[in-house]
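Structure first, then comments.
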Amino acid sequence: MRAIDLYEQLERDFIFPHLHDDFASYIPDMHPYIAENFKQRSMGLVCDFTREIRQVYTAVFPSDNVMEQIMADEPEDAMLFLHHPAVWENRGTPQRWFQMDNKYVEACRARRVAIYAIHVPLDNFGPHSTSKSLAEALGIEIIEPFAAYRGGLAGVIGKTKCETASELQKVFASAVGHETKLYSYGDHQIRDQLVAVVAGGGNDIDLVPEVRERNINTLVTGISMINEYSEKAHAFEKENRINVMGGTHYSTEQFACRSMCVYFRKLGLPARFVEDLPVLEDL
């Protein structure tokens, strides 16, 4: 498939004028490689390294682990589709985002592997979006999107078959394949079996008041740890008796990148999700 045709298809399906992002500011060392359009809007084609795309790799972050797996495949004329063009780290450092190692950028250029990233557009509610995909993985029936974020809607309200928070936590742990964290601030019973789902960094003081306004007492998200960034959200949830469940940044957003493989296959392109390791300190 011609690369330009795939870029134009992704643009039509995901990148809308009302969305905005700032990821280009997190990866300054990559700027010599970055497409001008990405420098301006932080969405879409990051590095224009190929004219033809024969296969696609999808990943949540371009970590060393992910990039080593891809390069072991010896790809050529391919696309690396990312949810984030930088690497999330939450272990013992105040810095949260790290750039992809430039040796991997050089390897992508040498092997004609385009780098493409949509953060806000994939969070925005749609067929393959992060919170929708997570809710579906948990067997939650989606009712409506919510949670305004950078011009889009990053969360969903849905109905679970689980009656209690601990029951839902078990389903959550089974879906992500590792332990999850439950902050039991509210009633153990899930009110009306309705839950709010915001994958990734959904435990945000700008978002949680809307959970209370909807009379929901259980929030499922990714990053749930208590730190200086999240302490206001936790205080609000404790005061308003809202349970919080965390499943890590990576694990709650992986389902969208897995879903994107279906999207690419429908376009006739072989696609593979490249697995990574969760940062359990997110919990």
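By order of appearance in the structure tokens: chains A, B, ..., then residues from 1 within every chain, and ligands from 1 in the order shown.
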Which residues of segment 201-275 of chain A come within 12 Å of segment 146-155 of chain A, and for each one, what is the closest pair of atoms and their distance in Å to one decimal, counting only C-alpha atoms, sorted by chain and residue number, as CSV?
```
residue,atom,partner,partner_atom,distance
A:Gly201,CA,A:Ala154,CA,10.0
A:Gly202,CA,A:Gly155,CA,8.0
A:Asn203,CA,A:Ala147,CA,11.1
A:Asp204,CA,A:Ala147,CA,10.2
A:Ile205,CA,A:Ala147,CA,11.3
A:Asp206,CA,A:Ala147,CA,8.7
A:Leu207,CA,A:Ala147,CA,5.9
A:Val208,CA,A:Ala147,CA,8.5
A:Pro209,CA,A:Ala147,CA,9.7
A:Glu210,CA,A:Ala147,CA,7.2
A:Val211,CA,A:Ala147,CA,8.7
A:Arg212,CA,A:Ala147,CA,12.0
A:Glu213,CA,A:Phe146,CA,11.5
A:Arg214,CA,A:Phe146,CA,10.2
A:Leu219,CA,A:Gly155,CA,10.2
A:Val220,CA,A:Gly155,CA,9.8
A:Thr221,CA,A:Gly155,CA,9.4
A:Gly222,CA,A:Gly155,CA,11.9
A:Glu253,CA,A:Ala154,CA,11.6
```
Long-range neighbours of Gly268 of chain A as a PDB file with N, CA and C atoms, in the first residue's frame, 12 Å cut-off, only C-alpha atoms, 2 positions minimum in chain:
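Listing of part_23.pdb after writing:
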```pdb
ATOM      1  N   MET A   1       0.850  -1.189   0.000  1.00  0.00           N
ATOM      2  CA  MET A   1       0.000   0.000   0.000  1.00  0.00           C
ATOM      3  C   MET A   1       0.891   1.246   0.000  1.00  0.00           C
ATOM      4  N   ARG A   2       0.523   2.232  -0.801  1.00  0.00           N
ATOM      5  CA  ARG A   2       1.286   3.468  -0.785  1.00  0.00           C
ATOM      6  C   ARG A   2       1.161   4.139   0.585  1.00  0.00           C
ATOM      7  N   LEU A   6      -2.228   5.451   3.076  1.00  0.00           N
ATOM      8  CA  LEU A   6      -2.526   5.045   4.451  1.00  0.00           C
ATOM      9  C   LEU A   6      -2.582   6.262   5.369  1.00  0.00           C
ATOM     10  N   ILE A  53       4.111   0.839   2.366  1.00  0.00           N
ATOM     11  CA  ILE A  53       3.911   0.147   3.641  1.00  0.00           C
ATOM     12  C   ILE A  53       3.342  -1.231   3.367  1.00  0.00           C
ATOM     13  N   ARG A  54       4.083  -2.246   3.808  1.00  0.00           N
ATOM     14  CA  ARG A  54       3.681  -3.634   3.573  1.00  0.00           C
ATOM     15  C   ARG A  54       3.231  -4.333   4.850  1.00  0.00           C
ATOM     16  N   GLN A  55       3.547  -3.766   6.006  1.00  0.00           N
ATOM     17  CA  GLN A  55       3.132  -4.342   7.283  1.00  0.00           C
ATOM     18  C   GLN A  55       3.125  -3.253   8.344  1.00  0.00           C
ATOM     19  N   VAL A  56       2.387  -3.501   9.427  1.00  0.00           N
ATOM     20  CA  VAL A  56       2.261  -2.514  10.495  1.00  0.00           C
ATOM     21  C   VAL A  56       2.525  -3.182  11.842  1.00  0.00           C
ATOM     22  N   CYS A 261      -4.916  -3.275  15.161  1.00  0.00           N
ATOM     23  CA  CYS A 261      -4.475  -4.332  14.241  1.00  0.00           C
ATOM     24  C   CYS A 261      -5.633  -4.789  13.362  1.00  0.00           C
ATOM     25  N   VAL A 262      -6.823  -4.853  13.933  1.00  0.00           N
ATOM     26  CA  VAL A 262      -8.015  -5.199  13.157  1.00  0.00           C
ATOM     27  C   VAL A 262      -8.260  -4.137  12.089  1.00  0.00           C
ATOM     28  N   TYR A 263      -8.108  -2.884  12.472  1.00  0.00           N
ATOM     29  CA  TYR A 263      -8.281  -1.771  11.532  1.00  0.00           C
ATOM     30  C   TYR A 263      -7.336  -1.919  10.342  1.00  0.00           C
ATOM     31  N   PHE A 264      -6.065  -2.152  10.604  1.00  0.00           N
ATOM     32  CA  PHE A 264      -5.086  -2.251   9.519  1.00  0.00           C
ATOM     33  C   PHE A 264      -5.316  -3.497   8.655  1.00  0.00           C
ATOM     34  N   ARG A 265      -5.706  -4.583   9.282  1.00  0.00           N
ATOM     35  CA  ARG A 265      -5.967  -5.801   8.500  1.00  0.00           C
ATOM     36  C   ARG A 265      -7.127  -5.605   7.546  1.00  0.00           C
ATOM     37  N   LYS A 266      -8.104  -4.838   7.964  1.00  0.00           N
ATOM     38  CA  LYS A 266      -9.238  -4.549   7.074  1.00  0.00           C
ATOM     39  C   LYS A 266      -8.804  -3.740   5.857  1.00  0.00           C
ATOM     40  N   PRO A 270      -0.905  -6.696   6.858  1.00  0.00           N
ATOM     41  CA  PRO A 270      -0.586  -7.517   8.036  1.00  0.00           C
ATOM     42  C   PRO A 270      -0.229  -6.603   9.205  1.00  0.00           C
ATOM     43  N   ALA A 271      -0.737  -6.925  10.391  1.00  0.00           N
ATOM     44  CA  ALA A 271      -0.491  -6.064  11.552  1.00  0.00           C
ATOM     45  C   ALA A 271      -0.270  -6.923  12.791  1.00  0.00           C
TER      46      ALA A 271
END
```
For this session: Could you give me, as a ChimeraX atom specification, the residues within 10 Å of Gly200 of chain A, counting only C-alpha atoms and dropping anything in the same chain fewer than 3 positions from it?
Result: /A:123,130-131,134,154,197,203,220-224,246-254,282
Exercise. Restricting the calculation to only C-alpha atoms, which member of A:Ala110, A:Ala175, A:Ile216, A:Ile115 is positioned closest to Glu136 of chain A?
Worked result: A:Ala175
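Using only C-alpha atoms for every distance, the candidate list A:Asn215, A:Glu76, A:Cys162, A:Ile226 yields A:Asn215 as the residue closest to Asn240 of chain A.
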For this session: Write down as a list in words the residues belonging to segment 69-130 of chain A that are assigned helix (DSSP H, G or I) by DSSP computed on the backbone.
Result: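 Going through segment 69-130 of chain A, the helix (DSSP H, G or I) residues come out as Gln69, Ile70, Met71, Ala72, Asn102, Lys103, Tyr104, Val105, Glu106, Ala107, Cys108, Arg109, Ala110, Val120, Pro121, Leu122, Asp123 and Thr130 of chain A.
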Problem set entry | Distance of atom CA of Ala196 of chain A from atom CA of Pro145 of chain A, expressed in Å to one decimal place | 9.4 Å
For this session: Do a neighbour search on Arg191 of chain A at 10 Å with only C-alpha atoms, toss out local chain neighbours closer than 5 positions, and write the hits as a PyMOL selection string.
Result: chain A and resi 163-165+186+215-218
For this session: Quote the spacing between atom CA of Ala256 of chain A and atom CA of Leu138 of chain A in Å to one decimal place.
Result: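 Atom CA of Leu138 of chain A lies 13.1 Å from atom CA of Ala256 of chain A.
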Problem set entry | Neighbour list for Asp21 of chain A as a list in words, cut-off 10 Å, only C-alpha atoms, skip fewer than 6 positions in-chain |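 In the requested form, the answer reads Phe38, Gln40, Arg41, Ser42, Met43, Ile118, His119, Val120, Pro121, Tyr149, Arg150 and Gly151 of chain A.
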Problem set entry | Given only C-alpha atoms as the counted atoms, nearest of A:Phe23, A:Tyr33, A:Phe14, A:Phe81 to Trp97 of chain A | A:Phe23
For this session: Skip Leu194 of chain A itself and residues of its chain fewer than 2 positions away, then list as a count of residues only all residues within 7 Å of it, counting only C-alpha atoms.
Result: 7
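When only C-alpha atoms are used to compute distances to Pro62 of chain A, the closest of the residues A:Glu74, A:Glu275, A:Glu141, A:Glu36 turns out to be A:Glu275.
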Excluding Ala35 of chain A and its own-chain neighbours fewer than 2 positions away, which residues fall within 7 Å of it when counting only C-alpha atoms? Please give them as a tab-separated table (two decimals) with N, CA and C atoms, in the first residue's frame.
```tsv
chain	number	residue	atom	x	y	z
A	33	TYR	N	14.35	14.58	12.76
A	33	TYR	CA	13.72	13.53	11.97
A	33	TYR	C	12.22	13.79	11.73
A	37	ASN	N	4.51	18.74	10.04
A	37	ASN	CA	3.12	18.73	10.50
A	37	ASN	C	3.01	18.23	11.93
A	38	PHE	N	3.85	17.25	12.29
A	38	PHE	CA	3.82	16.73	13.66
A	38	PHE	C	4.38	17.76	14.64
A	39	LYS	N	5.39	18.51	14.22
A	39	LYS	CA	5.92	19.56	15.09
A	39	LYS	C	4.84	20.57	15.44
A	45	LEU	N	1.74	11.62	11.30
A	45	LEU	CA	3.03	11.13	10.85
A	45	LEU	C	4.16	11.82	11.61
A	46	VAL	N	4.93	11.01	12.33
A	46	VAL	CA	6.07	11.53	13.09
A	46	VAL	C	7.32	11.56	12.21
A	47	CYS	N	7.63	10.42	11.57
A	47	CYS	CA	8.82	10.31	10.73
A	47	CYS	C	8.45	9.66	9.40
A	48	ASP	N	8.70	10.39	8.34
A	48	ASP	CA	8.30	9.95	6.99
A	48	ASP	C	9.46	9.21	6.35
```
Exercise. Atom CA of Ala24 of chain A and atom CA of Met67 of chain A are how many Å apart?
Worked result: 19.6 Å
For this session: Check the DSSP output for the backbone and give back, as JSON, numbers by chain, the residues of segment 34-155 of chain A in strand (DSSP E or B).
Result: {"A": [44, 45, 46, 47, 52, 55, 56, 57, 58, 59, 78, 79, 80, 81, 82, 86, 87, 88, 97, 98, 99, 113, 114, 115, 116, 117, 141, 142, 143, 144, 145, 146, 147, 148, 149, 152, 153, 154, 155]}
